[in-house]
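A.B. asks: Sharing a structure below in structure tokens format, with a few things to ask.
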Amino acid sequence: MKLDILYFAWVRERVGKSQEAVDTNAKTAGDLVDELILRDAGYAAAFSDLSAICVAIDQELGDFTTLLKDCREVAFFPPMTGG
Amino acid sequence: MKLDILYFAWVRERVGKSQEAVDTNAKTAGDLVDELILRDAGYAAAFSDLSAICVAIDQELGDFTTLLKDCREVAFFPPMTGG
Amino acid sequence: MAARVQEAPFDFSAEVVAFQADVQNAGAVVTFTGVVRDDSGCLDHMFIEHYPAMTEAALQKFALQAMEKFGLEDALVIHRYGVLTPGEAIMMVATAARHRKDAFAGADYLMDYLKSRAPFWKKEVSKDHTEWVASKVQDEDALAAWSDAPKS
Amino acid sequence: MAARVQEAPFDFSAEVVAFQADVQNAGAVVTFTGVVRDDSGCLDHMFIEHYPAMTEAALQKFALQAMEKFGLEDALVIHRYGVLTPGEAIMMVATAARHRKDAFAGADYLMDYLKSRAPFWKKEVSKDHTEWVASKVQDEDALAAWSDAPKS
């Protein structure tokens, strides 16, 4: 499954990029994180504390157990600070 | 004791005037109302239900038991509807 | 802090711009505007009577109370009297605070006091009917919900 | 209802005047403005990042939720991103309702959603220090206090 991953704020800074396209067999957002962490230390640093990270799947808020089936875009970011 | 009495809104309309000077021996605002009611039907109509009327003594909110000692101005009016 | 009673309309935009320019370090500004509503569809105008010797002092007192209670940076109250037609602004409140919740609570608190403790009386004048607006039980309840509120 | 995301400053006065002109029978209009605050005295600017594909849809969703929940006549949200200096307005909300309590509650509710559920991230940039603003436990608590709030 091909999908785009987006990173925002300090997650983006630690990963070192704002966006990338991946081909993955991950079933959930959590599986996808497990794959990324294996790649290099930047990902490991970004995802060292999952309780500090939010997930959106196709622009809808989800969590690490949300299924990725048929999704096109996954985004990882810290808790939002709008307003 | 000489003092000014002010009336507002429908209390003013029923009494038929917005202001008057009186010379009274009333100890409280309630005593003053008792005196006024004896005068004519307009006052009696205005003060027929005291639970619907508020009192200010020298521009401070009080009630019918508030002492009038040394006061210069008593006002009677319905519950306020500002805002 | 400023509290004004006036017959003339006020310029909401200009008031808020001046209010915000004066505040040094407020992260949050809340405004409230009360407008003459015509629910029946046949309101000609509203007439607002007030108690001149008492009104401005009362508004100032409530604005200062709100500033102290919620640690506001600043507060503004403007209230009109006289003849107002549907759609016209009756009054406005503005509060500035470092944090959002205080700005909201300060404005809400100030409005609860203005509704039930500021010496204004509203009369609705329609073509064939004239009526003093009655105070609402909910307004007294809202006021009573603040811990510092006097009993009615 | 309108929800906009933009980099450019907005004209608060013009926005509120247009908002009020459009509303037919609202007795109450509440506005909130969020302003860049410089608590340390050495903030150079704030940088606001957002998620373009998601942001405007999220603002619209929250504004519609607020309108429905509180029976608002209308609601407006404008939120900026990019570089903002101390004193600049970050965002504004306006709500119009027949009654005061609904206008206040609608604006407060909308702000609670924008704080914690709209995809914006703030970074404070000082001369010798740069820091992403952390979310606050109080913001989650405020959101959770609304009965329809999703669990975090």
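Please note that chains go A, B, ... in the order of the structure tokens, that every chain numbers its residues from 1, and that ligands are numbered from 1 in the order shown.
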Assign secondary structure with DSSP using the backbone only, and return the residues of chain D in strand (DSSP E) as a PyMOL selection string.

C.D. replies: chain D and resi 2-6+28-35+43-50+74-80+82-84+89-97+120-126+129-132

A.B. asks: Just the selected residues (N, CA and C atoms), exported as a compact mmCIF listing (two decimals), in the first residue's frame, please.

C.D. replies:
# COMPACT_ATOMS: atom_id res chain seq x y z
N ALA D 2 -18.80 31.17 8.44
CA ALA D 2 -17.57 31.25 7.66
C ALA D 2 -16.39 30.86 8.53
N ALA D 3 -15.46 30.11 7.94
CA ALA D 3 -14.23 29.72 8.63
C ALA D 3 -13.08 29.91 7.66
N ARG D 4 -12.09 30.71 8.03
CA ARG D 4 -10.99 31.02 7.12
C ARG D 4 -9.65 30.81 7.79
N VAL D 5 -8.69 30.31 7.01
CA VAL D 5 -7.31 30.19 7.46
C VAL D 5 -6.49 31.08 6.54
N GLN D 6 -5.67 31.95 7.09
CA GLN D 6 -4.92 32.87 6.24
C GLN D 6 -3.62 33.30 6.91
N ALA D 28 -27.57 39.23 20.73
CA ALA D 28 -26.28 39.14 21.41
C ALA D 28 -25.17 38.73 20.45
N VAL D 29 -24.10 39.49 20.45
CA VAL D 29 -22.92 39.15 19.64
C VAL D 29 -21.71 39.12 20.57
N VAL D 30 -20.99 38.01 20.55
CA VAL D 30 -19.77 37.87 21.34
C VAL D 30 -18.58 37.68 20.40
N THR D 31 -17.47 38.36 20.69
CA THR D 31 -16.26 38.13 19.90
C THR D 31 -15.13 37.74 20.85
N PHE D 32 -14.21 36.97 20.32
CA PHE D 32 -12.97 36.67 21.03
C PHE D 32 -11.82 36.94 20.08
N THR D 33 -10.77 37.58 20.59
CA THR D 33 -9.56 37.79 19.80
C THR D 33 -8.37 37.26 20.58
N GLY D 34 -7.58 36.43 19.95
CA GLY D 34 -6.35 35.92 20.56
C GLY D 34 -5.17 36.71 20.05
N VAL D 35 -4.33 37.18 20.97
CA VAL D 35 -3.24 38.10 20.61
C VAL D 35 -1.90 37.49 21.06
N LEU D 43 10.45 37.94 23.53
CA LEU D 43 9.95 37.19 22.37
C LEU D 43 10.17 38.00 21.10
N ASP D 44 10.79 37.39 20.11
CA ASP D 44 10.95 38.08 18.83
C ASP D 44 9.70 37.89 17.98
N HIS D 45 9.30 36.65 17.80
CA HIS D 45 8.06 36.39 17.09
C HIS D 45 7.52 35.00 17.40
N MET D 46 6.30 34.77 16.97
CA MET D 46 5.69 33.45 17.07
C MET D 46 5.54 32.92 15.66
N PHE D 47 5.83 31.64 15.49
CA PHE D 47 5.64 31.00 14.19
C PHE D 47 4.52 29.98 14.35
N ILE D 48 3.49 30.09 13.51
CA ILE D 48 2.38 29.14 13.58
C ILE D 48 2.35 28.28 12.34
N GLU D 49 2.50 26.98 12.58
CA GLU D 49 2.47 25.98 11.51
C GLU D 49 1.08 25.36 11.49
N HIS D 50 0.61 24.93 10.32
CA HIS D 50 -0.68 24.24 10.31
C HIS D 50 -0.68 23.14 9.25
N ASP D 74 -25.39 32.75 13.84
CA ASP D 74 -24.24 32.73 12.93
C ASP D 74 -22.95 32.58 13.74
N ALA D 75 -21.90 32.14 13.04
CA ALA D 75 -20.59 32.00 13.68
C ALA D 75 -19.50 32.29 12.65
N LEU D 76 -18.41 32.85 13.11
CA LEU D 76 -17.28 33.18 12.25
C LEU D 76 -15.98 32.79 12.95
N VAL D 77 -15.07 32.17 12.21
CA VAL D 77 -13.73 31.84 12.73
C VAL D 77 -12.70 32.28 11.71
N ILE D 78 -11.69 33.02 12.16
CA ILE D 78 -10.55 33.35 11.31
C ILE D 78 -9.29 32.99 12.10
N HIS D 79 -8.40 32.22 11.49
CA HIS D 79 -7.17 31.82 12.19
C HIS D 79 -5.99 32.04 11.25
N ARG D 80 -4.95 32.69 11.77
CA ARG D 80 -3.77 32.96 10.95
C ARG D 80 -2.68 31.91 11.17
N GLY D 82 1.87 31.31 10.13
CA GLY D 82 3.08 32.02 9.70
C GLY D 82 3.71 32.78 10.84
N VAL D 83 4.38 33.88 10.50
CA VAL D 83 5.14 34.67 11.49
C VAL D 83 4.26 35.78 12.05
N LEU D 84 4.15 35.84 13.38
CA LEU D 84 3.35 36.90 14.03
C LEU D 84 4.17 37.52 15.15
N ALA D 89 -2.88 40.09 16.30
CA ALA D 89 -3.99 39.16 16.51
C ALA D 89 -3.71 37.85 15.78
N ILE D 90 -3.83 36.74 16.50
CA ILE D 90 -3.63 35.41 15.93
C ILE D 90 -4.90 34.91 15.27
N MET D 91 -6.00 35.15 15.94
CA MET D 91 -7.26 34.58 15.46
C MET D 91 -8.43 35.32 16.09
N MET D 92 -9.60 35.11 15.53
CA MET D 92 -10.81 35.67 16.13
C MET D 92 -11.99 34.73 15.91
N VAL D 93 -12.94 34.85 16.80
CA VAL D 93 -14.18 34.11 16.72
C VAL D 93 -15.29 35.12 16.95
N ALA D 94 -16.40 34.97 16.27
CA ALA D 94 -17.59 35.77 16.57
C ALA D 94 -18.80 34.85 16.57
N THR D 95 -19.69 35.06 17.52
CA THR D 95 -20.93 34.29 17.57
C THR D 95 -22.10 35.25 17.74
N ALA D 96 -23.21 34.91 17.12
CA ALA D 96 -24.43 35.71 17.26
C ALA D 96 -25.56 34.78 17.67
N ALA D 97 -26.33 35.21 18.67
CA ALA D 97 -27.44 34.39 19.13
C ALA D 97 -28.58 35.29 19.56
N PHE D 120 -3.07 23.35 14.48
CA PHE D 120 -2.10 24.44 14.51
C PHE D 120 -1.05 24.12 15.58
N TRP D 121 0.17 24.58 15.32
CA TRP D 121 1.24 24.40 16.31
C TRP D 121 2.01 25.71 16.39
N LYS D 122 2.22 26.17 17.63
CA LYS D 122 2.87 27.46 17.84
C LYS D 122 4.29 27.26 18.33
N LYS D 123 5.20 28.06 17.74
CA LYS D 123 6.60 28.03 18.17
C LYS D 123 6.98 29.44 18.58
N GLU D 124 7.56 29.58 19.77
CA GLU D 124 7.99 30.89 20.24
C GLU D 124 9.48 31.06 19.93
N VAL D 125 9.80 32.12 19.22
CA VAL D 125 11.18 32.36 18.80
C VAL D 125 11.71 33.62 19.49
N SER D 126 12.66 33.43 20.42
CA SER D 126 13.32 34.56 21.07
C SER D 126 14.73 34.66 20.49
N HIS D 129 16.59 31.59 21.96
CA HIS D 129 15.85 30.42 22.40
C HIS D 129 14.64 30.20 21.49
N THR D 130 14.38 28.94 21.18
CA THR D 130 13.24 28.61 20.32
C THR D 130 12.51 27.44 20.94
N GLU D 131 11.18 27.56 21.06
CA GLU D 131 10.47 26.49 21.76
C GLU D 131 9.05 26.31 21.23
N TRP D 132 8.69 25.05 20.98
CA TRP D 132 7.31 24.76 20.62
C TRP D 132 6.45 24.92 21.87

A.B. asks: Find the residues in chain D near chain A: any atom within 6 Å counts, using only C-alpha atoms. Write them as a ChimeraX atom specification.

C.D. replies: /D:54,114-116,118-121,135

A.B. asks: With N, CA, C and O atoms retained, export the selected residues as a short mmCIF file (atom, residue, chain, number, x, y, z; two decimals), in the first residue's frame.

C.D. replies:
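The resulting file, out_22.cif, is shown below:
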data_model
loop_
_atom_site.label_atom_id
_atom_site.label_comp_id
_atom_site.auth_asym_id
_atom_site.auth_seq_id
_atom_site.Cartn_x
_atom_site.Cartn_y
_atom_site.Cartn_z
N MET D 54 -6.15 19.91 6.16
CA MET D 54 -7.09 19.58 7.23
C MET D 54 -7.71 20.80 7.91
O MET D 54 -8.84 20.75 8.41
N LEU D 114 -10.86 24.91 19.16
CA LEU D 114 -9.74 25.44 18.38
C LEU D 114 -8.41 25.22 19.11
O LEU D 114 -7.40 24.91 18.49
N LYS D 115 -8.42 25.39 20.43
CA LYS D 115 -7.20 25.25 21.23
C LYS D 115 -6.59 23.86 21.10
O LYS D 115 -5.38 23.71 21.02
N SER D 116 -7.44 22.84 21.13
CA SER D 116 -6.92 21.47 21.27
C SER D 116 -7.20 20.54 20.11
O SER D 116 -6.68 19.43 20.07
N ALA D 118 -7.82 21.87 16.59
CA ALA D 118 -7.55 22.43 15.26
C ALA D 118 -6.05 22.29 15.02
O ALA D 118 -5.23 22.58 15.90
N PRO D 119 -5.66 21.81 13.82
CA PRO D 119 -4.26 21.45 13.57
C PRO D 119 -3.33 22.65 13.37
O PRO D 119 -2.88 22.93 12.26
N PHE D 120 -3.07 23.35 14.48
CA PHE D 120 -2.10 24.44 14.51
C PHE D 120 -1.05 24.12 15.58
O PHE D 120 -1.38 23.50 16.60
N TRP D 121 0.17 24.58 15.32
CA TRP D 121 1.24 24.40 16.31
C TRP D 121 2.01 25.71 16.39
O TRP D 121 2.44 26.26 15.37
N SER D 135 1.02 21.88 24.82
CA SER D 135 -0.42 21.92 25.10
C SER D 135 -0.60 21.88 26.61
O SER D 135 0.26 21.41 27.34
#

A.B. asks: With chain D as the partner and 9 Å as the cut-off, tabulate the residues of chain C that qualify, each row holding the nearest pair of atoms and their distance in Å to one decimal, using only C-alpha atoms, sorted by chain and rising number, as a tab-separated table.

C.D. replies:
residue	atom	partner	partner_atom	distance
C:Phe12	CA	D:Ser13	CA	8.0
C:Ser13	CA	D:Ser13	CA	4.8
C:Ala14	CA	D:Ser13	CA	7.7
C:Val16	CA	D:Ser13	CA	7.8
C:Val17	CA	D:Ser13	CA	7.5
C:Ala21	CA	D:Gly87	CA	8.9
C:Gln24	CA	D:Gly87	CA	8.1
C:Asn25	CA	D:Arg37	CA	5.8
C:Ala26	CA	D:Arg37	CA	6.5
C:Gly27	CA	D:Val35	CA	4.6
C:Ala28	CA	D:Gly34	CA	4.9
C:Val29	CA	D:Thr33	CA	5.1
C:Val30	CA	D:Phe32	CA	4.5
C:Thr31	CA	D:Thr31	CA	5.1
C:Phe32	CA	D:Val30	CA	4.5
C:Thr33	CA	D:Val29	CA	5.1
C:Gly34	CA	D:Ala28	CA	4.9
C:Val35	CA	D:Gly27	CA	4.6
C:Val36	CA	D:Gly27	CA	6.0
C:Arg37	CA	D:Gly27	CA	5.3
C:Asp38	CA	D:Asn25	CA	6.9
C:Asp39	CA	D:Asn25	CA	7.6
C:Pro86	CA	D:Asn25	CA	8.8
C:Gly87	CA	D:Asn25	CA	7.6
C:Ala89	CA	D:Gly27	CA	8.8
C:Arg98	CA	D:Arg37	CA	7.8
C:Arg100	CA	D:Gly34	CA	7.9
C:Lys101	CA	D:Asp108	CA	8.1
C:Ala103	CA	D:Phe32	CA	8.7
C:Phe104	CA	D:Asp108	CA	7.2
C:Ala107	CA	D:Phe104	CA	8.9
C:Asp108	CA	D:Phe104	CA	7.2
C:Met111	CA	D:Arg100	CA	8.6

A.B. asks: Could you please take those selected residues and save N, CA, C and O atoms as a short mmCIF file (atom, residue, chain, number, x, y, z; two decimals), in the first residue's frame?

C.D. replies:
data_model
loop_
_atom_site.label_atom_id
_atom_site.label_comp_id
_atom_site.auth_asym_id
_atom_site.auth_seq_id
_atom_site.Cartn_x
_atom_site.Cartn_y
_atom_site.Cartn_z
N PHE C 12 -18.70 50.81 17.70
CA PHE C 12 -18.13 49.58 18.25
C PHE C 12 -16.69 49.36 17.79
O PHE C 12 -15.79 49.10 18.59
N SER C 13 -16.46 49.48 16.48
CA SER C 13 -15.12 49.23 15.92
C SER C 13 -14.08 50.14 16.56
O SER C 13 -13.04 49.69 17.03
N ALA C 14 -14.38 51.42 16.58
CA ALA C 14 -13.43 52.38 17.13
C ALA C 14 -13.18 52.12 18.61
O ALA C 14 -12.04 52.21 19.09
N VAL C 16 -13.36 49.23 20.23
CA VAL C 16 -12.56 48.02 20.44
C VAL C 16 -11.11 48.26 20.02
O VAL C 16 -10.18 47.82 20.70
N VAL C 17 -10.92 48.96 18.93
CA VAL C 17 -9.55 49.25 18.48
C VAL C 17 -8.81 50.06 19.55
O VAL C 17 -7.67 49.74 19.91
N ALA C 21 -5.64 48.76 21.81
CA ALA C 21 -4.37 49.50 21.69
C ALA C 21 -3.83 49.88 23.07
O ALA C 21 -2.62 49.96 23.26
N GLN C 24 -1.59 46.37 27.33
CA GLN C 24 -0.20 46.03 27.04
C GLN C 24 0.03 44.55 26.76
O GLN C 24 0.58 44.19 25.75
N ASN C 25 -0.38 43.71 27.67
CA ASN C 25 0.02 42.30 27.51
C ASN C 25 -1.14 41.33 27.71
O ASN C 25 -1.04 40.36 28.46
N ALA C 26 -2.23 41.60 27.00
CA ALA C 26 -3.38 40.72 27.09
C ALA C 26 -3.35 39.73 25.94
O ALA C 26 -3.23 40.13 24.78
N GLY C 27 -3.46 38.46 26.22
CA GLY C 27 -3.52 37.46 25.16
C GLY C 27 -4.93 37.26 24.65
O GLY C 27 -5.14 36.66 23.61
N ALA C 28 -5.91 37.78 25.41
CA ALA C 28 -7.30 37.48 25.11
C ALA C 28 -8.18 38.70 25.28
O ALA C 28 -8.13 39.36 26.32
N VAL C 29 -8.97 39.01 24.27
CA VAL C 29 -9.94 40.10 24.36
C VAL C 29 -11.31 39.55 23.99
O VAL C 29 -11.47 38.93 22.94
N VAL C 30 -12.28 39.76 24.88
CA VAL C 30 -13.65 39.33 24.62
C VAL C 30 -14.55 40.56 24.56
O VAL C 30 -14.38 41.49 25.35
N THR C 31 -15.46 40.58 23.61
CA THR C 31 -16.44 41.67 23.57
C THR C 31 -17.84 41.07 23.57
O THR C 31 -18.05 39.96 23.08
N PHE C 32 -18.77 41.83 24.11
CA PHE C 32 -20.18 41.47 24.02
C PHE C 32 -20.93 42.71 23.54
O PHE C 32 -20.67 43.81 24.00
N THR C 33 -21.85 42.53 22.61
CA THR C 33 -22.71 43.62 22.15
C THR C 33 -24.15 43.18 22.28
O THR C 33 -24.53 42.10 21.82
N GLY C 34 -24.96 44.00 22.92
CA GLY C 34 -26.39 43.73 23.04
C GLY C 34 -27.14 44.57 22.02
O GLY C 34 -26.89 45.77 21.90
N VAL C 35 -28.02 43.92 21.27
CA VAL C 35 -28.69 44.57 20.15
C VAL C 35 -30.20 44.49 20.34
O VAL C 35 -30.72 43.50 20.85
N VAL C 36 -30.92 45.56 19.94
CA VAL C 36 -32.39 45.54 20.03
C VAL C 36 -32.94 44.49 19.08
O VAL C 36 -32.66 44.52 17.88
N ARG C 37 -33.69 43.56 19.61
CA ARG C 37 -34.24 42.45 18.84
C ARG C 37 -35.73 42.69 18.65
O ARG C 37 -36.40 43.19 19.55
N ASP C 38 -36.23 42.31 17.50
CA ASP C 38 -37.66 42.46 17.25
C ASP C 38 -38.27 41.09 17.04
O ASP C 38 -38.40 40.61 15.91
N ASP C 39 -38.66 40.43 18.14
CA ASP C 39 -39.17 39.07 18.03
C ASP C 39 -40.56 39.02 17.43
O ASP C 39 -40.90 38.11 16.69
N PRO C 86 -34.91 48.65 16.32
CA PRO C 86 -34.41 47.28 16.12
C PRO C 86 -33.11 47.25 15.32
O PRO C 86 -32.97 47.96 14.33
N GLY C 87 -32.17 46.46 15.76
CA GLY C 87 -30.87 46.35 15.10
C GLY C 87 -29.81 47.26 15.70
O GLY C 87 -28.62 47.06 15.48
N ALA C 89 -27.33 48.84 18.51
CA ALA C 89 -26.62 48.33 19.67
C ALA C 89 -27.04 49.09 20.92
O ALA C 89 -27.02 50.32 20.94
N ARG C 98 -4.83 38.10 30.40
CA ARG C 98 -3.72 37.34 29.86
C ARG C 98 -4.26 36.03 29.27
O ARG C 98 -3.84 35.60 28.22
N ARG C 100 -7.52 33.37 28.17
CA ARG C 100 -8.84 33.31 27.58
C ARG C 100 -9.99 33.11 28.56
O ARG C 100 -11.01 33.80 28.50
N LYS C 101 -9.84 32.16 29.47
CA LYS C 101 -10.96 31.84 30.36
C LYS C 101 -11.33 33.03 31.24
O LYS C 101 -12.50 33.25 31.54
N ALA C 103 -10.92 36.25 30.45
CA ALA C 103 -11.57 37.26 29.61
C ALA C 103 -13.04 36.90 29.40
O ALA C 103 -13.93 37.75 29.50
N PHE C 104 -13.32 35.61 29.12
CA PHE C 104 -14.70 35.15 28.94
C PHE C 104 -15.50 35.32 30.24
O PHE C 104 -16.59 35.88 30.25
N ALA C 107 -16.32 38.96 31.18
CA ALA C 107 -17.38 39.57 30.37
C ALA C 107 -18.75 39.01 30.76
O ALA C 107 -19.73 39.75 30.88
N ASP C 108 -18.80 37.71 30.99
CA ASP C 108 -20.06 37.05 31.36
C ASP C 108 -20.55 37.58 32.72
O ASP C 108 -21.73 37.91 32.89
N MET C 111 -21.82 41.12 32.46
CA MET C 111 -23.15 41.13 31.86
C MET C 111 -24.23 40.72 32.85
O MET C 111 -25.32 41.28 32.86
#

A.B. asks: Please give the complete set of residues from chain A that DSSP, run on the backbone, assigns to alpha helix (DSSP H), formatted as an MDAnalysis selection string.

C.D. replies: chainID A and resid 9:15 29:37 41:46

A.B. asks: Next, dump the selected residues to file, keeping only N, CA and C atoms, as a short mmCIF file (atom, residue, chain, number, x, y, z; two decimals), in the first residue's frame.

C.D. replies:
data_model
loop_
_atom_site.label_atom_id
_atom_site.label_comp_id
_atom_site.auth_asym_id
_atom_site.auth_seq_id
_atom_site.Cartn_x
_atom_site.Cartn_y
_atom_site.Cartn_z
N ALA A 9 5.43 20.25 13.20
CA ALA A 9 6.03 20.82 14.42
C ALA A 9 7.30 20.05 14.81
N TRP A 10 7.46 19.72 16.12
CA TRP A 10 8.74 19.10 16.50
C TRP A 10 8.86 17.66 15.99
N VAL A 11 7.78 17.03 15.64
CA VAL A 11 7.88 15.69 15.03
C VAL A 11 8.57 15.84 13.68
N ARG A 12 8.16 16.85 12.92
CA ARG A 12 8.79 17.16 11.64
C ARG A 12 10.28 17.46 11.82
N GLU A 13 10.59 18.27 12.82
CA GLU A 13 11.99 18.65 13.04
C GLU A 13 12.86 17.44 13.40
N ARG A 14 12.32 16.54 14.22
CA ARG A 14 13.12 15.37 14.62
C ARG A 14 13.27 14.37 13.48
N VAL A 15 12.18 14.17 12.73
CA VAL A 15 12.25 13.25 11.59
C VAL A 15 13.15 13.85 10.51
N ALA A 29 -1.73 2.62 12.31
CA ALA A 29 -0.77 3.72 12.44
C ALA A 29 0.38 3.30 13.35
N GLY A 30 0.07 2.49 14.36
CA GLY A 30 1.10 2.00 15.27
C GLY A 30 2.12 1.11 14.55
N ASP A 31 1.61 0.23 13.68
CA ASP A 31 2.51 -0.63 12.88
C ASP A 31 3.44 0.24 12.02
N LEU A 32 2.87 1.29 11.47
CA LEU A 32 3.64 2.17 10.59
C LEU A 32 4.78 2.83 11.39
N VAL A 33 4.48 3.25 12.61
CA VAL A 33 5.50 3.85 13.47
C VAL A 33 6.61 2.83 13.76
N ASP A 34 6.22 1.57 14.03
CA ASP A 34 7.21 0.52 14.30
C ASP A 34 8.17 0.36 13.11
N GLU A 35 7.62 0.43 11.91
CA GLU A 35 8.47 0.34 10.70
C GLU A 35 9.44 1.53 10.63
N LEU A 36 8.91 2.71 10.88
CA LEU A 36 9.72 3.94 10.75
C LEU A 36 10.88 3.95 11.74
N ILE A 37 10.57 3.54 12.97
CA ILE A 37 11.57 3.59 14.04
C ILE A 37 12.83 2.78 13.67
N ALA A 41 17.79 7.01 13.71
CA ALA A 41 17.66 7.60 15.05
C ALA A 41 16.69 8.78 15.08
N GLY A 42 16.55 9.48 13.96
CA GLY A 42 15.63 10.62 13.91
C GLY A 42 14.20 10.16 14.17
N TYR A 43 13.79 9.10 13.47
CA TYR A 43 12.45 8.55 13.69
C TYR A 43 12.31 8.06 15.13
N ALA A 44 13.36 7.37 15.61
CA ALA A 44 13.30 6.83 16.98
C ALA A 44 13.13 7.96 17.99
N ALA A 45 13.83 9.08 17.76
CA ALA A 45 13.71 10.24 18.67
C ALA A 45 12.32 10.86 18.56
N ALA A 46 11.83 10.97 17.34
CA ALA A 46 10.51 11.58 17.13
C ALA A 46 9.41 10.77 17.82
#

A.B. asks: So which residues touch Asp4 (chain A) within 10 Å, counting only C-alpha atoms, skipping near sequence neighbours fewer than 4 positions away, as a list in words?

C.D. replies: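 Answer for this query is Gln19, Glu20, Ala21, Val22, Asp23, Asp58, Cys71, Arg72, Glu73, Val74 and Ala75 of chain A.
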
A.B. asks: Using N, CA, C and O atoms, can you write the selected residues to a file as a PDB file, in the first residue's frame?

C.D. replies:
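selection-v5.pdb written:
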ATOM      1  N   GLN A  19       7.416  15.584   4.818  1.00  0.00           N
ATOM      2  CA  GLN A  19       6.531  14.707   4.048  1.00  0.00           C
ATOM      3  C   GLN A  19       7.355  13.638   3.353  1.00  0.00           C
ATOM      4  O   GLN A  19       8.501  13.870   2.960  1.00  0.00           O
ATOM      5  N   GLU A  20       6.769  12.441   3.198  1.00  0.00           N
ATOM      6  CA  GLU A  20       7.434  11.407   2.398  1.00  0.00           C
ATOM      7  C   GLU A  20       6.392  10.407   1.910  1.00  0.00           C
ATOM      8  O   GLU A  20       5.334  10.242   2.528  1.00  0.00           O
ATOM      9  N   ALA A  21       6.707   9.741   0.779  1.00  0.00           N
ATOM     10  CA  ALA A  21       5.829   8.702   0.267  1.00  0.00           C
ATOM     11  C   ALA A  21       6.429   7.357   0.661  1.00  0.00           C
ATOM     12  O   ALA A  21       7.639   7.175   0.561  1.00  0.00           O
ATOM     13  N   VAL A  22       5.591   6.439   1.160  1.00  0.00           N
ATOM     14  CA  VAL A  22       6.100   5.116   1.535  1.00  0.00           C
ATOM     15  C   VAL A  22       5.236   4.010   0.916  1.00  0.00           C
ATOM     16  O   VAL A  22       4.102   4.256   0.520  1.00  0.00           O
ATOM     17  N   ASP A  23       5.843   2.836   0.836  1.00  0.00           N
ATOM     18  CA  ASP A  23       5.099   1.644   0.418  1.00  0.00           C
ATOM     19  C   ASP A  23       5.175   0.708   1.616  1.00  0.00           C
ATOM     20  O   ASP A  23       6.263   0.313   2.031  1.00  0.00           O
ATOM     21  N   ASP A  58      -6.075  10.350   6.756  1.00  0.00           N
ATOM     22  CA  ASP A  58      -6.869  11.057   5.739  1.00  0.00           C
ATOM     23  C   ASP A  58      -7.545  12.290   6.340  1.00  0.00           C
ATOM     24  O   ASP A  58      -8.746  12.528   6.147  1.00  0.00           O
ATOM     25  N   CYS A  71      -6.333   3.976   3.150  1.00  0.00           N
ATOM     26  CA  CYS A  71      -6.027   5.381   3.420  1.00  0.00           C
ATOM     27  C   CYS A  71      -4.919   5.883   2.497  1.00  0.00           C
ATOM     28  O   CYS A  71      -4.131   5.121   1.942  1.00  0.00           O
ATOM     29  N   ARG A  72      -4.869   7.194   2.282  1.00  0.00           N
ATOM     30  CA  ARG A  72      -3.905   7.797   1.376  1.00  0.00           C
ATOM     31  C   ARG A  72      -2.865   8.632   2.101  1.00  0.00           C
ATOM     32  O   ARG A  72      -1.798   8.891   1.576  1.00  0.00           O
ATOM     33  N   GLU A  73      -3.247   9.123   3.298  1.00  0.00           N
ATOM     34  CA  GLU A  73      -2.380  10.094   3.964  1.00  0.00           C
ATOM     35  C   GLU A  73      -2.440   9.905   5.485  1.00  0.00           C
ATOM     36  O   GLU A  73      -3.514   9.887   6.073  1.00  0.00           O
ATOM     37  N   VAL A  74      -1.263   9.745   6.081  1.00  0.00           N
ATOM     38  CA  VAL A  74      -1.180   9.641   7.547  1.00  0.00           C
ATOM     39  C   VAL A  74      -0.331  10.811   8.040  1.00  0.00           C
ATOM     40  O   VAL A  74       0.714  11.117   7.445  1.00  0.00           O
ATOM     41  N   ALA A  75      -0.768  11.476   9.096  1.00  0.00           N
ATOM     42  CA  ALA A  75       0.012  12.599   9.641  1.00  0.00           C
ATOM     43  C   ALA A  75       0.296  12.354  11.112  1.00  0.00           C
ATOM     44  O   ALA A  75      -0.555  11.849  11.849  1.00  0.00           O
TER      45      ALA A  75
END

A.B. asks: Please indicate the distance in Å from CA of Gly106 (chain C) to CA of Tyr81 (chain D), rounded to one decimal place.

C.D. replies: 28.1 Å

A.B. asks: Can you tell me, as a ChimeraX atom specification, what residues are no more than 10 Å from Lys27 (chain A) when counting only C-alpha atoms, ignoring any on the same chain fewer than 6 positions away?

C.D. replies: /A:1,65-69

A.B. asks: Would you please work out which residue, of C:Val133, C:Lys61, C:Thr85, C:Glu68, is nearest to Asp102 (chain C) when using only C-alpha atoms?

C.D. replies: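 Distance minimum relative to Asp102 (chain C) lands on C:Glu68.
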
A.B. asks: Using Å and a single decimal, report how far CA of Ala134 (chain C) sits from CA of Arg39 (chain B).

C.D. replies: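 Value for the CA of Arg39 (chain B)-CA of Ala134 (chain C) distance: 27.4 Å.
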
A.B. asks: Go through B:Phe64, B:Lys17, B:Ile57, B:Lys2 and flag the residue nearest Ala53 (chain C), using only C-alpha atoms for the distances.

C.D. replies: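 Using only C-alpha atoms, Ala53 (chain C) sits closest to B:Ile57.
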